[in-house]
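*Asks:* Input structure_37.tsv, format and content: TSV, C-alpha atoms.
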```tsv
chain	number	residue	atom	x	y	z
A	1192	MET	CA	0.00	0.00	0.00
A	1193	LYS	CA	1.39	3.37	-1.01
A	1194	PRO	CA	1.90	5.88	1.85
A	1195	THR	CA	-0.50	8.81	1.83
A	1196	GLN	CA	0.58	12.44	1.82
A	1197	ARG	CA	-0.39	12.59	5.48
A	1198	ASP	CA	1.86	9.59	6.28
A	1199	LEU	CA	4.78	11.23	4.47
A	1200	ILE	CA	4.31	14.50	6.37
A	1201	ARG	CA	4.11	12.61	9.67
A	1202	GLN	CA	7.35	10.77	8.85
A	1203	ARG	CA	9.14	14.02	7.96
A	1204	LEU	CA	7.94	15.73	11.14
A	1205	THR	CA	9.02	12.76	13.26
A	1206	LYS	CA	12.51	12.80	11.69
A	1207	THR	CA	12.78	16.56	12.24
A	1208	MET	CA	11.74	16.31	15.89
A	1209	LEU	CA	14.20	13.49	16.55
A	1210	ALA	CA	17.01	15.46	14.87
A	1211	ASP	CA	16.25	18.48	17.10
A	1212	LYS	CA	16.43	16.25	20.17
A	1213	VAL	CA	19.82	14.88	19.13
A	1214	GLU	CA	21.31	18.37	18.65
A	1215	GLY	CA	20.16	19.49	22.11
A	1216	LEU	CA	21.66	16.44	23.81
A	1217	GLU	CA	25.33	17.42	23.48
A	1218	THR	CA	25.18	19.99	26.30
A	1219	LEU	CA	23.10	17.69	28.47
A	1220	LEU	CA	25.53	14.83	27.90
A	1221	SER	CA	28.50	16.99	28.90
A	1222	VAL	CA	26.83	18.01	32.18
A	1223	LEU	CA	25.64	14.45	32.84
A	1224	LYS	CA	29.15	13.10	32.34
A	1225	SER	CA	30.62	15.64	34.76
A	1226	ASP	CA	27.99	14.88	37.42
A	1227	THR	CA	28.39	11.12	36.95
A	1228	LYS	CA	32.16	11.37	37.36
A	1229	GLN	CA	31.74	13.31	40.61
A	1230	LEU	CA	29.34	10.66	41.89
A	1231	LEU	CA	31.53	7.69	40.91
A	1232	ASP	CA	34.63	9.35	42.40
A	1233	ASN	CA	32.97	8.83	45.80
A	1234	TYR	CA	32.95	5.06	45.30
A	1235	MET	CA	35.94	4.24	43.11
A	1236	MET	CA	39.13	5.56	41.59
A	1237	LEU	CA	38.32	5.74	37.90
A	1238	ASP	CA	41.02	4.97	35.35
A	1239	ASP	CA	42.03	8.08	33.39
A	1240	ASP	CA	39.49	8.97	30.70
A	1241	SER	CA	37.65	5.67	31.14
A	1242	LEU	CA	34.22	7.19	31.76
A	1243	LYS	CA	32.16	7.01	28.59
A	1244	LEU	CA	28.56	8.15	28.28
A	1245	ALA	CA	26.34	7.89	25.24
A	1246	LEU	CA	22.78	9.06	25.04
A	1247	GLU	CA	20.75	7.61	22.18
A	1248	VAL	CA	17.39	8.85	20.94
A	1249	LEU	CA	15.21	5.85	20.17
A	1250	PRO	CA	12.71	5.83	17.28
A	1251	ASP	CA	9.80	6.30	19.69
A	1252	GLY	CA	11.42	9.50	21.08
A	1253	SER	CA	12.60	7.97	24.36
A	1254	TYR	CA	16.25	7.96	25.42
A	1255	LYS	CA	18.76	5.22	26.17
A	1256	LEU	CA	21.80	6.00	28.33
A	1257	ASN	CA	24.89	3.82	27.98
A	1258	LEU	CA	27.59	4.20	30.62
A	1259	SER	CA	30.99	2.58	30.76
A	1260	ALA	CA	33.87	3.09	33.22
A	1261	THR	CA	36.84	1.10	34.43
A	1262	THR	CA	38.54	1.04	37.79
A	1263	ASN	CA	40.93	-1.10	39.72
A	1264	ARG	CA	40.17	0.45	43.11
A	1265	LEU	CA	36.86	0.58	44.94
A	1266	PHE	CA	36.22	2.53	48.14
A	1267	GLU	CA	34.36	1.28	51.15
A	1268	VAL	CA	33.01	3.84	53.57
A	1269	GLY	CA	36.20	5.48	54.84
A	1270	LYS	CA	38.49	2.77	53.35
A	1271	MET	CA	40.02	1.80	50.04
A	1272	ILE	CA	39.51	-1.76	48.80
A	1273	VAL	CA	42.46	-2.94	46.76
```
How would this structure read if it were set down as structure tokens?

*Replies:*
Amino acid sequence: MKPTQRDLIRQRLTKTMLADKVEGLETLLSVLKSDTKQLLDNYMMLDDDSLKLALEVLPDGSYKLNLSATTNRLFEVGKMIV
């Protein structure tokens, strides 16, 4: 079945809205990464530049956050676990 003009307009609008969301995420991702690093620094000694965050806009407009970090030292309350 051939898409109607209305379907084509809806598809274009959806693509445009998703593209706008992606552009606005760069600043958010930068702040989120900084805040996440501060939080994780309370619990572990992160390896240099190991914290990676990626925020993906899914086709339905929701977001998926992927986080990756490496450490070889974890902290217990008031102590370092080797």

*Asks:* May I ask which of the residues A:Val1248, A:Leu1219, A:Val1268, A:Leu1204 is the closest one to Met1235 of chain A, counting all atoms listed in the file?

*Replies:*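 Ranking A:Val1248, A:Leu1219, A:Val1268, A:Leu1204 by distance to Met1235 of chain A, first place goes to A:Val1268.
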
*Asks:* Edge lengths and centre in Å to one decimal, as lines of an AutoDock Vina configuration file, of the axis-aligned box that encloses all listed atoms of segment 1231-1236 of chain A with 3 Å added on every side?

*Replies:*
```
center_x = 35.3
center_y = 6.8
center_z = 43.4
size_x = 13.6
size_y = 11.1
size_z = 10.9
```

*Asks:* Which residues, written as a list of chain:residue names, have at least one atom at most 12 Å from Leu1231 of chain A, with all atoms listed in the file counted and residues fewer than 3 positions away on the same chain left out?

*Replies:*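 Using all atoms listed in the file, the neighbours found are A:Lys1224, A:Ser1225, A:Asp1226, A:Thr1227, A:Lys1228, A:Tyr1234, A:Met1235, A:Met1236, A:Leu1237, A:Asp1238, A:Ser1241, A:Leu1242, A:Leu1258, A:Ser1259, A:Ala1260, A:Thr1261, A:Thr1262, A:Arg1264, A:Leu1265, A:Phe1266.
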
*Asks:* Interatomic distance between atom CA of Asn1257 of chain A and atom CA of Lys1243 of chain A?

*Replies:*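 Taking atom CA of Asn1257 of chain A as the start and atom CA of Lys1243 of chain A as the end point, the length is 8.0 Å.
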
*Asks:* Of the candidates A:Leu1246, A:Met1192, A:Leu1199, A:Leu1230, which shows the shortest atom-to-atom distance to Gly1215 of chain A, using only C-alpha atoms?

*Replies:*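 The shortest atom-to-atom distance to Gly1215 of chain A comes from A:Leu1246.
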
*Asks:* My list of candidates is A:Lys1206, A:Lys1193, A:Lys1255, A:Arg1201. Which is closest to Leu1220 of chain A when distances are computed with only C-alpha atoms?

*Replies:*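 Among the listed residues, A:Lys1255 lies closest to Leu1220 of chain A.
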
*Asks:* Given the choices A:Thr1218, A:Thr1195, A:Leu1223, A:Asp1232, which gets closest to Glu1267 of chain A if the distance is worked out from all atoms listed in the file?

*Replies:*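 Closest to Glu1267 of chain A, using all atoms listed in the file: A:Asp1232.
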
*Asks:* Distance atom CA of Ser1253 of chain A-atom CA of Glu1217 of chain A, one decimal place?

*Replies:*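 Here the two named atoms are 15.9 Å from each other.
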
*Asks:* Would you mind telling me which residue in A:Asn1263, A:Val1222, A:Gln1196, A:Leu1256 lies nearest to Leu1244 of chain A when using all atoms listed in the file?

*Replies:*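 Using all atoms listed in the file, Leu1244 of chain A sits closest to A:Leu1256.
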
*Asks:* Any idea what the distance is between atom CA of Arg1197 of chain A and atom CA of Leu1249 of chain A?

*Replies:* 22.5 Å
